[in-house]
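Working notes, structure below.
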Amino acid sequence: MSRGGGGGGSSPNRASTGPAADQPPAPPAVEPRDLGLPLDAHLHTDQSPDSSVPIDVYAALAVERGIPEIAITDHVDFDPRDPAFEYSRYDDRERVVRGAAERWAREGVAIRFGAELTYNQRWEADVRDHLARQRYDYVIGSVHDWPESPYWPSRIRGWIEGRSLDEIVAPYYAQIIAAARSGLFDTIGHLDVVKRYLHPHITAAQLAERPDLQEPALVAIIEAGVALEVNSSGLRYPGAETYPSATVVVRYRELGGERIVVGSDAHSRGSFAHRLGESYRHLATAGFEALTFRRGDERVRIEVPHGTRIGTVDHLRT
Ligand SMILES: [Zn+2]
Ligand SMILES: [Zn+2]
């Protein structure tokens with residue numbers, strides 16, 4: 001079945017998560033610091049409704065950029081009105097990703113079969129059921145806007161009016177906290193993507209003045225033992241910060257956070273590992289020495305290249 005019963009229910013917010021047509025043009029040059037990184041753990045192929053990139057394109061780019069490991073994390077949605085609801089079948093995704101993994105292992109790229117599951121408390125039982133039946137190497141839990149969400153573009157103005165910042169972001173972070181506590185995920189994806197939904201009514205700068213708004217979510221992530229993702233896709237949108245920002249990554253560490261991972265959340269060829277070196281730099285600056293990742297039954301820590309070695313030619317040669 002293709003796009004399940006969308007019928008106008010899909011949000012322009014969701015669409016802007018990355019259909020090729022909505023992406024900024026491919027960056028003209030690859031920054032040296034985006035080369036030779038050990039992992040990009042968040043990528044969407046043409047098995048997501050908002051990407052048209054065949055998996056082999058990412059694999060070839062990984063070879064070209066000296067990135068030895070990537071995770072394919074196509075969308076899995078659980079509300080029939082959401083774009084990735086039954087967009088692709090588990091069996092098809094698994095066959096395509098495992099097949100590519102076999103072909104590209106010879107070229108020195110390990111491809112992991114992951115998924116990005118849209119979490120909401122309303123359908124937590126469905127997520128649990130899905131994960132009980134299906135085996136992924138790696139699972140990201142993300143909160144996107146949902147059909148009744150106050151962040152839906154047509155509702156956002158009315159939602160913001162007369163409310164404090166705390167009240168405005170509360171429904172979003174309540175879902176993030178529930179996602180962390182659910183115990184279903186390896187990683188919480190793009191922690192504060194809500195700032196994209198709030199733009200331009202509330203700016204990234206206004207939100208940056210209130211880092212405390214994210215603190216309960218950071219604490220929940222730490223207590224649950226799930227990993228925090230530093231997602232570089234935010235650098236491609238207004239506000240131009242990773243999700244979450246460097247400041248929040250430092251705070252996460254101060255609060256006792258130990259598990260962290262990175263992803264470019266690419267939906268197009270041009271955004272593969274795009275500015276991923278900045279995500280690495282943020283976590284290295286915060287004092288993290290390793291990524292936390294899962295390869296099926298194997299939970300691993302992957303060493304983060306140190307400071308100035310990130311993405312340098314020296315690192316590529318080691
Ligand atoms: Zn997402
Ligand atoms: Zn994604």
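Going by the structure tokens order, chains are called A, B, ..., each with residues numbered from 1, while ligands are numbered from 1 in the order shown.
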
As a quick test: using only C-alpha atoms and all ligand atoms, which residues lie no more than 9 Å away from ligand 2? Give them as a ChimeraX atom specification.
/A:17-18,42-44,73-75,115-117,140,142,189-190,231,233,263-267

Quick check for you: according to DSSP on this backbone, which residues of range 67-247 of chain A are classed as strand (DSSP E or B)? Reply as number ranges by chain.
A: 69-76, 110-118, 138-142, 187-188, 227-231, 243

Just to be explicit: take each residue in the selection above, keep N, CA and C atoms, and write the result as a tab-separated table (two decimals), in the first residue's frame.
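Output (result-v2.tsv):
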```tsv
chain	number	residue	atom	x	y	z
A	69	GLU	N	30.46	3.70	8.21
A	69	GLU	CA	29.23	3.07	8.73
A	69	GLU	C	28.07	4.05	8.61
A	70	ILE	N	26.94	3.54	8.10
A	70	ILE	CA	25.74	4.38	8.01
A	70	ILE	C	24.52	3.56	8.45
A	71	ALA	N	23.54	4.26	8.99
A	71	ALA	CA	22.28	3.59	9.34
A	71	ALA	C	21.16	4.18	8.48
A	72	ILE	N	20.42	3.30	7.83
A	72	ILE	CA	19.25	3.71	7.06
A	72	ILE	C	18.07	3.70	8.03
A	73	THR	N	17.44	4.85	8.19
A	73	THR	CA	16.39	4.99	9.21
A	73	THR	C	15.13	5.58	8.56
A	74	ASP	N	14.52	4.80	7.67
A	74	ASP	CA	13.32	5.31	7.00
A	74	ASP	C	12.17	5.47	8.00
A	75	HIS	N	11.25	6.36	7.62
A	75	HIS	CA	10.12	6.68	8.51
A	75	HIS	C	9.16	5.51	8.66
A	76	VAL	N	8.71	5.31	9.90
A	76	VAL	CA	7.57	4.42	10.17
A	76	VAL	C	6.60	5.22	11.02
A	110	ALA	N	29.72	-0.30	6.13
A	110	ALA	CA	28.75	-1.12	6.84
A	110	ALA	C	27.42	-0.37	6.83
A	111	ILE	N	26.37	-1.02	6.36
A	111	ILE	CA	25.04	-0.39	6.31
A	111	ILE	C	24.14	-1.10	7.31
A	112	ARG	N	23.59	-0.33	8.24
A	112	ARG	CA	22.71	-0.90	9.26
A	112	ARG	C	21.25	-0.66	8.92
A	113	PHE	N	20.42	-1.62	9.30
A	113	PHE	CA	18.99	-1.54	9.02
A	113	PHE	C	18.28	-0.93	10.23
A	114	GLY	N	17.97	0.34	10.12
A	114	GLY	CA	17.31	1.03	11.22
A	114	GLY	C	15.95	1.54	10.82
A	115	ALA	N	15.34	2.30	11.71
A	115	ALA	CA	14.07	2.96	11.41
A	115	ALA	C	13.93	4.17	12.31
A	116	GLU	N	13.20	5.16	11.81
A	116	GLU	CA	12.81	6.30	12.64
A	116	GLU	C	11.30	6.20	12.85
A	117	LEU	N	10.92	5.87	14.08
A	117	LEU	CA	9.52	5.68	14.40
A	117	LEU	C	8.94	6.97	14.99
A	118	THR	N	7.81	7.39	14.46
A	118	THR	CA	7.16	8.57	15.02
A	118	THR	C	6.41	8.17	16.28
A	138	TYR	N	18.77	-0.86	14.72
A	138	TYR	CA	18.88	0.42	15.44
A	138	TYR	C	17.57	1.18	15.28
A	139	VAL	N	17.07	1.76	16.37
A	139	VAL	CA	15.75	2.41	16.32
A	139	VAL	C	15.79	3.81	16.94
A	140	ILE	N	15.37	4.77	16.14
A	140	ILE	CA	15.24	6.15	16.62
A	140	ILE	C	13.76	6.41	16.92
A	141	GLY	N	13.48	7.01	18.06
A	141	GLY	CA	12.12	7.47	18.36
A	141	GLY	C	12.09	8.98	18.24
A	142	SER	N	11.19	9.48	17.40
A	142	SER	CA	11.12	10.92	17.17
A	142	SER	C	9.70	11.40	17.38
A	187	THR	N	17.53	5.65	20.67
A	187	THR	CA	17.90	7.05	20.57
A	187	THR	C	16.65	7.91	20.46
A	188	ILE	N	16.70	9.10	21.03
A	188	ILE	CA	15.66	10.10	20.81
A	188	ILE	C	16.16	11.04	19.70
A	227	ALA	N	19.85	7.15	24.15
A	227	ALA	CA	20.88	8.07	23.65
A	227	ALA	C	20.23	9.34	23.09
A	228	LEU	N	20.97	10.42	23.21
A	228	LEU	CA	20.56	11.70	22.63
A	228	LEU	C	21.20	11.83	21.25
A	229	GLU	N	20.41	12.21	20.28
A	229	GLU	CA	20.95	12.42	18.93
A	229	GLU	C	21.32	13.89	18.73
A	230	VAL	N	22.47	14.13	18.14
A	230	VAL	CA	22.81	15.48	17.69
A	230	VAL	C	22.61	15.46	16.17
A	231	ASN	N	21.52	16.09	15.76
A	231	ASN	CA	21.02	15.98	14.39
A	231	ASN	C	21.40	17.24	13.63
A	243	TYR	N	19.99	20.08	16.15
A	243	TYR	CA	18.93	19.68	17.09
A	243	TYR	C	19.52	18.63	18.01
```

Can you work out which one of A:Ala240, A:Val53, A:Leu213, A:Ile177 has the shortest atom-to-atom distance to Leu165 in chain A, counting only C-alpha atoms?
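Looking at the shortest contact to Leu165 in chain A, the residue is A:Leu213.
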
Shell around Tyr197 in chain A at 9 Å using only C-alpha atoms, local window under 4 positions removed, as an NGL selection string:
:A and (13 or 145 or 151-153 or 156 or 193)

From a DSSP pass on the backbone, collect the residues of range 128-288 of chain A flagged as alpha helix (DSSP H) and hand them back as a PyMOL selection string.
chain A and resi 128-133+156-160+165-182+194-198+204-208+215-224+246-254+276-285

For ligand 1, which residue out of A:Ala105, A:Ala180, A:Val194, A:Leu37 is the nearest one, using only C-alpha atoms and all ligand atoms?
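Selected residue with least distance to ligand 1: A:Val194.
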
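Contact shell of range 171-173 of chain A at 8 Å (only C-alpha atoms; same-chain neighbours under 6 positions omitted): Val143, Val194, Gln214 and Ala217 of chain A.
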
With N, CA, C and O atoms retained, export the selected residues as a CSV table (one decimal), in the first residue's frame.
```
chain,number,residue,atom,x,y,z
A,143,VAL,N,9.6,12.6,17.9
A,143,VAL,CA,8.3,13.3,17.9
A,143,VAL,C,8.2,14.3,16.8
A,143,VAL,O,9.0,15.2,16.7
A,194,VAL,N,10.9,21.0,17.5
A,194,VAL,CA,9.8,21.9,17.7
A,194,VAL,C,10.1,23.3,17.4
A,194,VAL,O,9.3,24.1,17.0
A,214,GLN,N,14.3,22.6,28.0
A,214,GLN,CA,14.6,21.2,27.5
A,214,GLN,C,15.2,20.3,28.7
A,214,GLN,O,15.3,19.1,28.5
A,217,ALA,N,13.4,17.1,29.7
A,217,ALA,CA,13.6,16.1,28.6
A,217,ALA,C,15.0,15.4,28.7
A,217,ALA,O,15.1,14.2,28.6
```

Env of range 251-253 of chain A: 9 Å cut, atoms = only C-alpha atoms, seq-sep filter 6 positions within chain, self excluded. Answer as a list in words.
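Listed by chain and then number, they are Pro211, Glu215, Leu218, Val219, Ile222, Leu228, Leu283, Ala286, Gly287 and Phe288 of chain A.
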